[in-house]
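Colleague: The structure is given below, and queries will be raised subsequently.
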Amino acid sequence: MRRIGLAFVTTLLLVCAATAQQPPAPPPPLVDWDKVQIKTTDLGNNTYMLEGQGGNITVAVGTDGIIMVDGQFAPLSDKIKAAIKAISPLPIKYLINTHYHGDHTGGNENFAKDGVTVVAHDNLRVRLAAGTIQGLTGNKIAPRPAEALPKQTYFGGSITLEVGGRKAILTYVANAHTDGDTWVYFPDANVLCTGDTSNNLKKYQNIDWANGGDVRGMIRAQDAYLKAGNDQTKIVVGHGPLASKKDVAEFRAMLVTARDRVEKLFNEGKTEDEVIAAKPLADLDATWARNPQDAIGNTRNVYNSFKRF
Ligand SMILES: [Zn+2]
């Protein structure tokens, strides 16, 4: 397995697993990869959710192959492959990346070398190839090697992948968590995968505005999820347990309130520091922030959404 520098991995952990933080960032938690276990949940109709460390994974088994959504960190690839083998001996044909963050794409090389085709929005390919800088922390993420880049990309709208009778509908949502977000719907299982455009942690979600993220796109994403499927749709979010439409509606309401209040202050000409000092989201913070840094980071994320244009 290709070794990844610890600093690189821990930087990636900060991007997605933690809510936004104020610089200077505290030392990231060290992950003992050997202790991480992959938990498999049967979602019905040969479709499964896998949880380990990093973004949730979805696995859909067809008659002659497998489609998976997201691949967590590289050091976990062997465990993830073993968990999938325990579900089905069939080969994985496609690995869909919901967005570029390393806790979702870290395993790309390890799956690609087995002949798996990595599929994503083209903006994701560009971000991985170029490397990125995080807006809140200033942390730099190095470019990824060619083997980690998606070999099949699309530029907008929806595309459908088919493997052994299973269909995955991939849809682009512009400028939400990043500028390369794909959500995936498996109609025969009524399972929807949001990547990090949604979470079910009852916690603020990072909005990567330095790489095209925007609270308004986050809201558009929730709108799409509420329209898709039906009340029984099983929603695999980027982080947290399996979600329902009710969870998405709650998350959306938080985003809308945050957008409305911060946009008003932004339009009045308030600076970022003035908006943070005004604590416009104090009532939301009580529920959605784990600590004062979360609250500040979220306000900065929403504020900076309006500075993109
Ligand atoms: Zn993310």
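In the structure tokens, the first chain shown is A, the next is B, and so on; residue numbers restart at 1 for each chain, and ligands run from 1 in the order shown.
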Find the residues around Ile235 of chain A up to 8 Å (only C-alpha atoms counted), leave out those fewer than 2 positions away in its own chain, and share them as a PyMOL selection string.
Modeller: chain A and resi 191-194+233+237+242-245
Colleague: Skip Ile66 of chain A itself and residues of its chain fewer than 2 positions away, then list as an MDAnalysis selection string all residues within 10 Å of it, counting only C-alpha atoms.
Modeller: chainID A and resid 46:47 59:64 68 84 88:95 116 162:164 166
Colleague: Write the residues of the selection above to a file with N, CA, C and O atoms, as a PDB file, in the first residue's frame.
Modeller:
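File written: again_39.pdb
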ATOM      1  N   ASN A  46     -29.720  -5.400  -1.866  1.00  0.00           N
ATOM      2  CA  ASN A  46     -28.280  -5.536  -2.180  1.00  0.00           C
ATOM      3  C   ASN A  46     -27.526  -4.209  -2.134  1.00  0.00           C
ATOM      4  O   ASN A  46     -26.633  -3.960  -2.955  1.00  0.00           O
ATOM      5  N   THR A  47     -27.901  -3.385  -1.189  1.00  0.00           N
ATOM      6  CA  THR A  47     -27.257  -2.078  -1.031  1.00  0.00           C
ATOM      7  C   THR A  47     -26.849  -1.920   0.441  1.00  0.00           C
ATOM      8  O   THR A  47     -27.616  -2.284   1.336  1.00  0.00           O
ATOM      9  N   VAL A  59     -22.378   0.838  -0.940  1.00  0.00           N
ATOM     10  CA  VAL A  59     -22.016  -0.264  -1.844  1.00  0.00           C
ATOM     11  C   VAL A  59     -23.296  -0.831  -2.443  1.00  0.00           C
ATOM     12  O   VAL A  59     -24.226  -1.190  -1.712  1.00  0.00           O
ATOM     13  N   ALA A  60     -23.365  -0.893  -3.786  1.00  0.00           N
ATOM     14  CA  ALA A  60     -24.530  -1.458  -4.479  1.00  0.00           C
ATOM     15  C   ALA A  60     -24.052  -2.633  -5.329  1.00  0.00           C
ATOM     16  O   ALA A  60     -23.165  -2.474  -6.172  1.00  0.00           O
ATOM     17  N   VAL A  61     -24.613  -3.809  -5.069  1.00  0.00           N
ATOM     18  CA  VAL A  61     -24.158  -5.030  -5.733  1.00  0.00           C
ATOM     19  C   VAL A  61     -25.118  -5.399  -6.858  1.00  0.00           C
ATOM     20  O   VAL A  61     -26.324  -5.588  -6.628  1.00  0.00           O
ATOM     21  N   GLY A  62     -24.581  -5.501  -8.073  1.00  0.00           N
ATOM     22  CA  GLY A  62     -25.366  -5.952  -9.217  1.00  0.00           C
ATOM     23  C   GLY A  62     -25.092  -7.417  -9.495  1.00  0.00           C
ATOM     24  O   GLY A  62     -24.450  -8.106  -8.702  1.00  0.00           O
ATOM     25  N   THR A  63     -25.565  -7.915 -10.654  1.00  0.00           N
ATOM     26  CA  THR A  63     -25.403  -9.341 -10.951  1.00  0.00           C
ATOM     27  C   THR A  63     -23.984  -9.691 -11.369  1.00  0.00           C
ATOM     28  O   THR A  63     -23.568 -10.841 -11.264  1.00  0.00           O
ATOM     29  N   ASP A  64     -23.229  -8.719 -11.863  1.00  0.00           N
ATOM     30  CA  ASP A  64     -21.855  -9.043 -12.274  1.00  0.00           C
ATOM     31  C   ASP A  64     -20.826  -8.020 -11.806  1.00  0.00           C
ATOM     32  O   ASP A  64     -19.704  -7.992 -12.305  1.00  0.00           O
ATOM     33  N   MET A  68     -19.500   1.494  -5.906  1.00  0.00           N
ATOM     34  CA  MET A  68     -19.369   2.041  -4.554  1.00  0.00           C
ATOM     35  C   MET A  68     -19.270   3.563  -4.612  1.00  0.00           C
ATOM     36  O   MET A  68     -18.843   4.131  -5.617  1.00  0.00           O
ATOM     37  N   ILE A  84     -16.199  -5.403   1.742  1.00  0.00           N
ATOM     38  CA  ILE A  84     -17.009  -5.551   0.521  1.00  0.00           C
ATOM     39  C   ILE A  84     -16.987  -7.011   0.059  1.00  0.00           C
ATOM     40  O   ILE A  84     -18.016  -7.553  -0.348  1.00  0.00           O
ATOM     41  N   SER A  88     -19.973  -9.536  -1.111  1.00  0.00           N
ATOM     42  CA  SER A  88     -20.050 -10.158  -2.434  1.00  0.00           C
ATOM     43  C   SER A  88     -18.643 -10.365  -2.998  1.00  0.00           C
ATOM     44  O   SER A  88     -17.787  -9.484  -2.853  1.00  0.00           O
ATOM     45  N   PRO A  89     -18.416 -11.497  -3.674  1.00  0.00           N
ATOM     46  CA  PRO A  89     -17.096 -11.716  -4.301  1.00  0.00           C
ATOM     47  C   PRO A  89     -16.952 -11.008  -5.649  1.00  0.00           C
ATOM     48  O   PRO A  89     -15.887 -11.043  -6.243  1.00  0.00           O
ATOM     49  N   LEU A  90     -17.993 -10.371  -6.122  1.00  0.00           N
ATOM     50  CA  LEU A  90     -17.959  -9.738  -7.443  1.00  0.00           C
ATOM     51  C   LEU A  90     -16.993  -8.545  -7.447  1.00  0.00           C
ATOM     52  O   LEU A  90     -16.761  -7.914  -6.420  1.00  0.00           O
ATOM     53  N   PRO A  91     -16.440  -8.211  -8.619  1.00  0.00           N
ATOM     54  CA  PRO A  91     -15.490  -7.095  -8.693  1.00  0.00           C
ATOM     55  C   PRO A  91     -16.189  -5.738  -8.559  1.00  0.00           C
ATOM     56  O   PRO A  91     -17.337  -5.575  -8.981  1.00  0.00           O
ATOM     57  N   ILE A  92     -15.466  -4.774  -7.991  1.00  0.00           N
ATOM     58  CA  ILE A  92     -15.959  -3.399  -7.960  1.00  0.00           C
ATOM     59  C   ILE A  92     -15.667  -2.790  -9.325  1.00  0.00           C
ATOM     60  O   ILE A  92     -14.532  -2.831  -9.801  1.00  0.00           O
ATOM     61  N   LYS A  93     -16.709  -2.252  -9.971  1.00  0.00           N
ATOM     62  CA  LYS A  93     -16.482  -1.649 -11.288  1.00  0.00           C
ATOM     63  C   LYS A  93     -16.270  -0.134 -11.185  1.00  0.00           C
ATOM     64  O   LYS A  93     -15.392   0.419 -11.824  1.00  0.00           O
ATOM     65  N   TYR A  94     -17.103   0.525 -10.389  1.00  0.00           N
ATOM     66  CA  TYR A  94     -16.998   1.984 -10.275  1.00  0.00           C
ATOM     67  C   TYR A  94     -16.846   2.415  -8.817  1.00  0.00           C
ATOM     68  O   TYR A  94     -17.519   1.889  -7.933  1.00  0.00           O
ATOM     69  N   LEU A  95     -15.982   3.398  -8.601  1.00  0.00           N
ATOM     70  CA  LEU A  95     -15.906   4.119  -7.323  1.00  0.00           C
ATOM     71  C   LEU A  95     -16.265   5.573  -7.623  1.00  0.00           C
ATOM     72  O   LEU A  95     -15.532   6.265  -8.342  1.00  0.00           O
ATOM     73  N   VAL A 116     -10.599  -0.636 -10.770  1.00  0.00           N
ATOM     74  CA  VAL A 116     -11.837   0.105 -10.508  1.00  0.00           C
ATOM     75  C   VAL A 116     -11.761   1.460 -11.230  1.00  0.00           C
ATOM     76  O   VAL A 116     -10.720   2.124 -11.193  1.00  0.00           O
ATOM     77  N   GLU A 162     -24.349   2.066 -14.905  1.00  0.00           N
ATOM     78  CA  GLU A 162     -25.076   0.808 -14.754  1.00  0.00           C
ATOM     79  C   GLU A 162     -24.087  -0.342 -14.606  1.00  0.00           C
ATOM     80  O   GLU A 162     -23.135  -0.450 -15.371  1.00  0.00           O
ATOM     81  N   VAL A 163     -24.331  -1.171 -13.619  1.00  0.00           N
ATOM     82  CA  VAL A 163     -23.524  -2.387 -13.431  1.00  0.00           C
ATOM     83  C   VAL A 163     -24.470  -3.522 -13.055  1.00  0.00           C
ATOM     84  O   VAL A 163     -25.158  -3.443 -12.032  1.00  0.00           O
ATOM     85  N   GLY A 164     -24.505  -4.541 -13.873  1.00  0.00           N
ATOM     86  CA  GLY A 164     -25.277  -5.746 -13.535  1.00  0.00           C
ATOM     87  C   GLY A 164     -26.683  -5.454 -13.070  1.00  0.00           C
ATOM     88  O   GLY A 164     -27.129  -5.996 -12.060  1.00  0.00           O
ATOM     89  N   ARG A 166     -27.871  -2.741 -11.835  1.00  0.00           N
ATOM     90  CA  ARG A 166     -27.988  -1.654 -10.857  1.00  0.00           C
ATOM     91  C   ARG A 166     -27.703  -0.328 -11.539  1.00  0.00           C
ATOM     92  O   ARG A 166     -26.746  -0.204 -12.291  1.00  0.00           O
TER      93      ARG A 166
END
Colleague: Just want the residues within 9 Å of ligand 1, written as an mmCIF file with C-alpha atoms, in the first residue's frame, counting only C-alpha atoms and all ligand atoms.
Modeller:
data_model
loop_
_atom_site.group_PDB
_atom_site.id
_atom_site.type_symbol
_atom_site.label_atom_id
_atom_site.label_comp_id
_atom_site.auth_asym_id
_atom_site.auth_seq_id
_atom_site.Cartn_x
_atom_site.Cartn_y
_atom_site.Cartn_z
ATOM 1 C CA LEU A 12 -7.379 15.814 5.459
ATOM 2 C CA VAL A 15 -11.132 19.243 6.397
ATOM 3 C CA CYS A 16 -14.198 17.058 6.685
ATOM 4 C CA ALA A 17 -14.396 15.245 9.950
ATOM 5 C CA GLY A 55 -16.948 9.713 4.920
ATOM 6 C CA THR A 98 -18.795 12.729 -4.002
ATOM 7 C CA HIS A 99 -16.133 15.476 -3.568
ATOM 8 C CA TYR A 100 -12.366 15.904 -3.398
ATOM 9 C CA HIS A 101 -11.720 15.835 0.379
ATOM 10 C CA GLY A 102 -9.281 13.129 1.413
ATOM 11 C CA ASP A 103 -11.567 11.351 3.856
ATOM 12 C CA HIS A 104 -13.671 10.472 0.780
ATOM 13 C CA HIS A 177 -19.764 21.887 0.068
ATOM 14 C CA THR A 178 -17.155 22.414 -2.717
ATOM 15 C CA GLY A 195 -21.494 13.200 0.430
ATOM 16 C CA ASP A 196 -20.662 16.198 2.610
ATOM 17 C CA THR A 197 -23.415 18.417 1.256
ATOM 18 C CA GLN A 205 -21.088 21.303 8.305
ATOM 19 C CA ASN A 206 -17.887 22.677 6.863
ATOM 20 C CA ILE A 207 -18.462 24.772 3.734
ATOM 21 C CA ASP A 208 -15.210 24.816 1.739
ATOM 22 C CA GLY A 238 -21.221 12.193 4.463
#
Colleague: Check segment 136-287 of chain A with DSSP on the backbone and list each residue it calls alpha helix (DSSP H), as a PyMOL selection string.
Modeller: chain A and resi 215-227+245-267+272-278+282-287
Colleague: May I have the residues within 8 Å of Ala210 of chain A as a PyMOL selection string, using only C-alpha atoms and disregarding those fewer than 4 positions away in the same chain?
Modeller: chain A and resi 133-135
